[in-house]
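Colleague: To be precise about what I am sending: the file is called target.csv and holds CSV, C-alpha atoms.
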chain,number,residue,atom,x,y,z
A,1,MET,CA,-11.4,-27.2,-9.2
A,2,PRO,CA,-14.4,-26.2,-6.9
A,3,VAL,CA,-12.0,-24.9,-4.3
A,4,PHE,CA,-10.0,-22.9,-6.9
A,5,ARG,CA,-13.3,-21.5,-8.3
A,6,SER,CA,-14.4,-20.5,-4.8
A,7,ILE,CA,-11.1,-18.7,-4.2
A,8,VAL,CA,-11.2,-16.8,-7.5
A,9,PHE,CA,-14.9,-15.8,-7.4
A,10,SER,CA,-14.9,-14.8,-3.7
A,11,ALA,CA,-11.7,-12.8,-4.2
A,12,ALA,CA,-13.1,-11.0,-7.3
A,13,LEU,CA,-16.3,-10.1,-5.5
A,14,ALA,CA,-14.6,-8.9,-2.3
A,15,GLY,CA,-11.9,-7.0,-4.3
A,16,LEU,CA,-14.5,-5.3,-6.4
A,17,ILE,CA,-16.5,-4.1,-3.4
A,18,VAL,CA,-13.4,-3.1,-1.3
A,19,GLY,CA,-11.7,-1.4,-4.3
A,20,ALA,CA,-14.7,0.8,-5.0
A,21,VAL,CA,-15.1,1.8,-1.3
A,22,ILE,CA,-11.4,2.6,-0.9
A,23,SER,CA,-11.5,4.7,-4.1
A,24,VAL,CA,-14.2,6.9,-2.6
A,25,ALA,CA,-12.2,7.2,0.6
A,26,GLN,CA,-9.1,8.2,-1.4
A,27,PHE,CA,-11.1,10.8,-3.4
A,28,LEU,CA,-12.2,12.4,-0.1
A,29,GLY,CA,-9.0,12.0,1.8
A,30,THR,CA,-5.7,11.4,0.0
A,31,VAL,CA,-6.3,12.9,-3.4
A,32,PRO,CA,-7.0,16.4,-2.2
A,33,LEU,CA,-3.8,16.3,-0.2
A,34,ILE,CA,-1.8,15.1,-3.2
A,35,GLN,CA,-3.2,17.9,-5.3
A,36,LYS,CA,-2.2,20.5,-2.7
A,37,SER,CA,1.3,19.0,-2.6
A,38,GLU,CA,1.6,19.2,-6.4
A,39,VAL,CA,0.9,23.0,-6.2
A,40,TYR,CA,3.9,23.4,-3.9
A,41,GLU,CA,6.0,21.1,-6.1
A,42,ARG,CA,5.2,23.2,-9.2
A,43,LYS,CA,5.8,26.4,-7.3
A,44,ALA,CA,9.2,25.2,-6.1
A,45,ALA,CA,10.2,24.2,-9.7
A,46,ALA,CA,9.1,27.6,-11.0
A,47,GLU,CA,11.1,29.6,-8.3
A,48,ALA,CA,14.3,27.5,-8.7
A,49,PRO,CA,17.2,29.6,-10.0
A,50,PRO,CA,18.2,29.3,-13.6
A,51,ALA,CA,21.5,27.6,-12.7
A,52,ALA,CA,19.7,24.9,-10.9
A,53,HIS,CA,17.4,24.3,-13.9
A,54,ASP,CA,20.5,24.1,-16.2
A,55,HIS,CA,22.3,21.7,-13.9
A,56,ALA,CA,19.2,19.5,-13.5
A,57,GLY,CA,18.5,19.6,-17.2
A,58,ALA,CA,22.1,18.5,-18.0
A,59,ALA,CA,22.0,15.7,-15.4
A,60,HIS,CA,18.5,14.3,-16.3
A,61,HIS,CA,18.3,15.1,-20.0
A,62,ASN,CA,17.9,11.5,-21.1
A,63,ASP,CA,15.4,10.7,-18.4
A,64,ASN,CA,13.3,13.7,-19.2
A,65,ALA,CA,13.4,12.8,-22.9
A,66,ARG,CA,12.1,9.3,-22.1
A,67,SER,CA,9.5,10.6,-19.6
A,68,ASN,CA,8.1,13.1,-22.2
A,69,ASP,CA,7.4,10.2,-24.5
A,70,GLU,CA,5.6,8.2,-21.8
A,71,TRP,CA,1.8,8.3,-21.8
A,72,GLU,CA,0.1,9.5,-18.7
A,73,PRO,CA,-3.7,9.7,-17.9
A,74,GLU,CA,-5.2,13.2,-18.1
A,75,ASP,CA,-6.5,14.9,-14.9
A,76,GLY,CA,-10.1,14.4,-14.3
A,77,PHE,CA,-12.2,11.4,-15.3
A,78,GLN,CA,-9.4,9.5,-17.0
A,79,ARG,CA,-7.1,9.8,-14.0
A,80,ASN,CA,-9.9,8.9,-11.6
A,81,ALA,CA,-10.9,5.9,-13.7
A,82,PHE,CA,-7.4,4.5,-13.6
A,83,THR,CA,-7.2,5.1,-9.9
A,84,VAL,CA,-10.4,3.1,-9.3
A,85,ALA,CA,-9.2,0.3,-11.6
A,86,ALA,CA,-5.8,0.1,-9.8
A,87,ASN,CA,-7.5,0.0,-6.4
A,88,ILE,CA,-9.9,-2.8,-7.6
A,89,LEU,CA,-7.0,-4.9,-9.1
A,90,THR,CA,-4.9,-4.4,-5.9
A,91,ALA,CA,-7.8,-5.4,-3.7
A,92,ILE,CA,-8.4,-8.5,-5.8
A,93,GLY,CA,-4.8,-9.5,-5.6
A,94,PHE,CA,-4.7,-9.3,-1.8
A,95,ALA,CA,-8.1,-10.9,-1.6
A,96,LEU,CA,-6.7,-13.9,-3.5
A,97,LEU,CA,-3.9,-14.1,-0.9
A,98,LEU,CA,-6.5,-14.1,1.9
A,99,THR,CA,-8.9,-16.6,0.3
A,100,GLY,CA,-6.0,-18.9,-0.5
A,101,ILE,CA,-5.1,-18.9,3.2
A,102,TYR,CA,-8.8,-19.6,4.1
A,103,ALA,CA,-8.7,-22.6,1.7
A,104,ILE,CA,-5.5,-23.9,3.2
A,105,ARG,CA,-7.0,-23.6,6.7
A,106,GLY,CA,-9.6,-26.2,5.6
A,107,ARG,CA,-12.4,-25.0,7.9
A,108,PRO,CA,-15.0,-22.2,7.9
A,109,VAL,CA,-13.6,-18.8,8.6
A,110,MET,CA,-16.0,-16.4,10.4
A,111,TRP,CA,-15.9,-12.7,9.8
A,112,ARG,CA,-14.2,-12.0,13.1
A,113,GLU,CA,-11.3,-14.3,12.1
A,114,GLY,CA,-11.3,-12.7,8.7
A,115,LEU,CA,-11.0,-9.3,10.4
A,116,LEU,CA,-8.0,-10.6,12.3
A,117,TRP,CA,-6.4,-11.8,9.1
A,118,GLY,CA,-7.1,-8.4,7.5
A,119,LEU,CA,-5.5,-6.6,10.5
A,120,GLY,CA,-2.5,-8.9,10.1
A,121,GLY,CA,-2.2,-7.8,6.5
A,122,PHE,CA,-2.3,-4.1,7.6
A,123,VAL,CA,0.5,-4.7,10.1
A,124,VAL,CA,2.6,-6.6,7.4
A,125,PHE,CA,2.1,-4.3,4.4
A,126,THR,CA,1.4,-0.9,6.0
A,127,ALA,CA,2.3,-0.5,9.6
A,128,ALA,CA,5.7,-2.2,9.8
A,129,PRO,CA,7.1,-0.7,6.5
A,130,GLY,CA,5.5,2.6,7.3
A,131,LEU,CA,7.6,3.0,10.5
A,132,GLY,CA,10.7,3.4,8.4
A,133,LEU,CA,9.3,4.6,5.1
A,134,PRO,CA,6.1,6.6,5.7
A,135,PRO,CA,4.1,7.7,2.7
A,136,GLU,CA,5.5,10.7,0.9
A,137,LEU,CA,3.8,13.5,-0.9
A,138,PRO,CA,5.1,14.8,-4.3
A,139,GLY,CA,7.9,17.3,-3.9
A,140,MET,CA,9.4,15.6,-0.8
A,141,PRO,CA,12.9,14.2,-0.7
A,142,VAL,CA,13.1,10.4,-0.8
A,143,ALA,CA,15.8,7.8,-0.8
A,144,GLU,CA,16.9,5.9,-3.9
A,145,LEU,CA,14.0,3.8,-5.3
A,146,THR,CA,15.7,0.4,-5.4
A,147,THR,CA,17.0,0.5,-1.9
A,148,ARG,CA,13.5,1.6,-0.7
A,149,GLN,CA,11.9,-1.4,-2.5
A,150,ILE,CA,14.4,-3.9,-1.1
A,151,TRP,CA,13.9,-2.6,2.5
A,152,TRP,CA,10.1,-2.6,2.1
A,153,ILE,CA,10.0,-6.1,0.8
A,154,ALA,CA,12.4,-7.4,3.4
A,155,THR,CA,10.4,-5.7,6.2
A,156,ALA,CA,7.1,-7.1,5.0
A,157,ALA,CA,8.5,-10.6,4.7
A,158,ALA,CA,10.2,-10.5,8.1
A,159,THR,CA,7.1,-9.1,9.8
A,160,ALA,CA,4.9,-11.8,8.2
A,161,ALA,CA,7.3,-14.6,9.3
A,162,GLY,CA,7.4,-13.1,12.8
A,163,LEU,CA,3.7,-12.8,13.1
A,164,CYS,CA,3.2,-16.5,11.9
A,165,LEU,CA,5.7,-17.7,14.6
A,166,LEU,CA,3.9,-15.7,17.3
A,167,ALA,CA,0.4,-16.9,16.2
A,168,PHE,CA,1.0,-20.5,15.3
A,169,ARG,CA,4.0,-21.7,17.4
A,170,PRO,CA,3.2,-21.5,21.1
A,171,ALA,CA,6.7,-21.9,22.3
A,172,ALA,CA,9.2,-19.5,24.0
A,173,TRP,CA,11.8,-19.9,21.2
A,174,ALA,CA,9.2,-19.0,18.6
A,175,ALA,CA,8.1,-15.9,20.4
A,176,ILE,CA,11.7,-14.7,20.8
A,177,LEU,CA,12.5,-15.5,17.1
A,178,GLY,CA,9.3,-13.9,15.9
A,179,LEU,CA,9.9,-10.7,17.9
A,180,GLY,CA,13.4,-10.6,16.6
A,181,LEU,CA,12.3,-10.9,13.0
A,182,ILE,CA,9.8,-8.1,13.4
A,183,ALA,CA,12.4,-5.8,15.0
A,184,LEU,CA,15.3,-6.7,12.7
A,185,PRO,CA,14.5,-4.4,9.7
A,186,HIS,CA,14.0,-1.5,12.0
A,187,LEU,CA,17.3,-2.2,13.8
A,188,ILE,CA,19.1,-2.2,10.4
A,189,GLY,CA,17.2,1.0,9.5
A,190,ALA,CA,15.3,2.2,6.4
A,191,PRO,CA,17.2,4.0,3.6
A,192,LEU,CA,17.5,7.7,4.5
A,193,ALA,CA,16.3,10.5,2.2
A,194,PRO,CA,18.9,13.0,1.1
A,195,GLU,CA,18.9,16.3,3.1
A,196,SER,CA,17.2,18.9,1.0
A,197,HIS,CA,14.6,21.6,1.5
A,198,SER,CA,11.0,20.9,0.6
A,199,GLU,CA,8.3,23.5,0.0
A,200,VAL,CA,5.6,21.0,1.2
A,201,PRO,CA,4.5,22.0,4.7
A,202,ALA,CA,5.3,19.6,7.5
A,203,ALA,CA,1.7,19.7,8.7
A,204,LEU,CA,0.4,18.6,5.2
A,205,ALA,CA,2.9,15.8,5.1
A,206,HIS,CA,1.9,14.6,8.6
A,207,ARG,CA,-1.8,14.7,7.7
A,208,PHE,CA,-1.1,12.7,4.6
A,209,VAL,CA,0.6,10.0,6.6
A,210,VAL,CA,-2.3,9.8,9.0
A,211,VAL,CA,-4.9,9.7,6.2
A,212,VAL,CA,-3.1,7.1,4.2
A,213,THR,CA,-2.6,4.9,7.3
A,214,LEU,CA,-6.3,5.1,8.2
A,215,THR,CA,-7.3,4.4,4.6
A,216,SER,CA,-5.1,1.4,4.6
A,217,LEU,CA,-6.6,0.2,7.9
A,218,LEU,CA,-10.1,0.5,6.4
A,219,PHE,CA,-8.9,-1.3,3.3
A,220,TRP,CA,-7.5,-4.3,5.2
A,221,GLY,CA,-10.4,-4.5,7.7
A,222,LEU,CA,-13.0,-4.5,4.9
A,223,LEU,CA,-11.0,-6.9,2.9
A,224,GLY,CA,-10.6,-9.4,5.7
A,225,VAL,CA,-14.3,-9.3,6.6
A,226,SER,CA,-15.6,-9.4,3.0
A,227,THR,CA,-13.3,-12.2,1.9
A,228,SER,CA,-14.3,-14.4,4.8
A,229,ILE,CA,-18.0,-13.9,4.2
A,230,ALA,CA,-17.7,-14.3,0.4
A,231,PHE,CA,-15.5,-17.4,0.6
A,232,GLY,CA,-17.7,-18.9,3.3
A,233,ARG,CA,-20.9,-18.5,1.2
A,234,ILE,CA,-19.4,-19.4,-2.3
A,235,SER,CA,-17.5,-22.4,-1.0
A,236,ARG,CA,-20.5,-23.7,0.9
A,237,PRO,CA,-21.8,-27.1,-0.6
Before we go any further, please render this structure as structure tokens.
Modeller:
Amino acid sequence: MPVFRSIVFSAALAGLIVGAVISVAQFLGTVPLIQKSEVYERKAAAEAPPAAHDHAGAAHHNDNARSNDEWEPEDGFQRNAFTVAANILTAIGFALLLTGIYAIRGRPVMWREGLLWGLGGFVVFTAAPGLGLPPELPGMPVAELTTRQIWWIATAAATAAGLCLLAFRPAAWAAILGLGLIALPHLIGAPLAPESHSEVPAALAHRFVVVVTLTSLLFWGLLGVSTSIAFGRISRP
């Protein structure tokens, strides 16, 4: 019970801090880019020919009817508040994963080692999947959602397994197998988006990918350091 309490309390504390910091980073970096992209998306929808509107309306009538009934937060304070809450909950969830690993290790984890664990999380959950499925702005063509989710989960799992083999199995077979697992999803290839024109400028999309990647790097670096410090102090007898 004391170990479980240390895991939960340290994850909650680290997640609260990191979630708040990342929210500020998003408000300064990614949110303005998303808002710019939404302008192009609305412009493209307004300039679409009537035939395209009629065809889209016939094809997606039921989906639109359902989406109109779904509640969405309003722009401004409400939307920002939900963004902050989502960031904090996400940070706490990943912090629970890290602090659980620290507890299994059964020895004190210094902040430098926590940083390495955080960078490992960045590679598993951002860098590796992002090579095949980079972050997309609204208005950009994307592949079917289910196939993207399957490829993303498989890539993250294979990368995590490969990194574990490389880090904890000092043998030639483990290194070969680990590298093979890391490369396998990319050899198979990520789902391709359909070929279609997008009004979103390529420079804006590229900038969004860079900003999202750097924000995620900050997220995982801070999470690794903060969880190791919090868990070390809270679990101390």
Colleague: I'd like the neighbourhood of Ala175 in chain A as number ranges by chain, where a residue qualifies if any of its atoms comes within 9 Å (using only C-alpha atoms), though same-chain residues fewer than 6 positions away should be ignored.
Modeller: A: 162, 165-167, 169
Colleague: Any chance you can output those residues with C-alpha atoms as a PDB file, keeping the file's coordinate frame?
Modeller:
ATOM      1  CA  GLY A 162       7.400 -13.100  12.800  1.00  0.00           C
ATOM      2  CA  LEU A 165       5.700 -17.700  14.600  1.00  0.00           C
ATOM      3  CA  LEU A 166       3.900 -15.700  17.300  1.00  0.00           C
ATOM      4  CA  ALA A 167       0.400 -16.900  16.200  1.00  0.00           C
ATOM      5  CA  ARG A 169       4.000 -21.700  17.400  1.00  0.00           C
TER       6      ARG A 169
END
Colleague: For range 203-212 of chain A, work out the shell of residues within 9 Å, counting all atoms listed in the file and skipping chain neighbours fewer than 2 positions away, then give it as an NGL selection string.
Modeller: :A and (26 or 29-30 or 33-34 or 36-37 or 130 or 134-137 or 140 or 200-201 or 214-217)
Colleague: Please determine, counting all atoms listed in the file, which residue among A:Leu181, A:Glu199, A:Ala81, A:Ile150 has the shortest atom-to-atom distance to Arg42 in chain A.
Modeller: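 The answer is A:Glu199, which sits nearest to Arg42 in chain A.
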Colleague: What's around Trp152 in chain A at 7 Å? Count only C-alpha atoms, leave out sequence neighbours fewer than 4 positions away in its own chain, and write the answer as a list in words.
Modeller: Pro129, Arg148 and Ala156 of chain A
Colleague: Would you write out those residues with C-alpha atoms, as an mmCIF file, in the coordinates of the input?
Modeller:
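Result file is again.cif:
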data_model
loop_
_atom_site.group_PDB
_atom_site.id
_atom_site.type_symbol
_atom_site.label_atom_id
_atom_site.label_comp_id
_atom_site.auth_asym_id
_atom_site.auth_seq_id
_atom_site.Cartn_x
_atom_site.Cartn_y
_atom_site.Cartn_z
ATOM 1 C CA PRO A 129 7.100 -0.700 6.500
ATOM 2 C CA ARG A 148 13.500 1.600 -0.700
ATOM 3 C CA ALA A 156 7.100 -7.100 5.000
#
Colleague: In Å, rounded to a single decimal, give me how far CA of Phe168 in chain A is from CA of Thr99 in chain A.
Modeller: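 Interatomic distance here is 18.4 Å.
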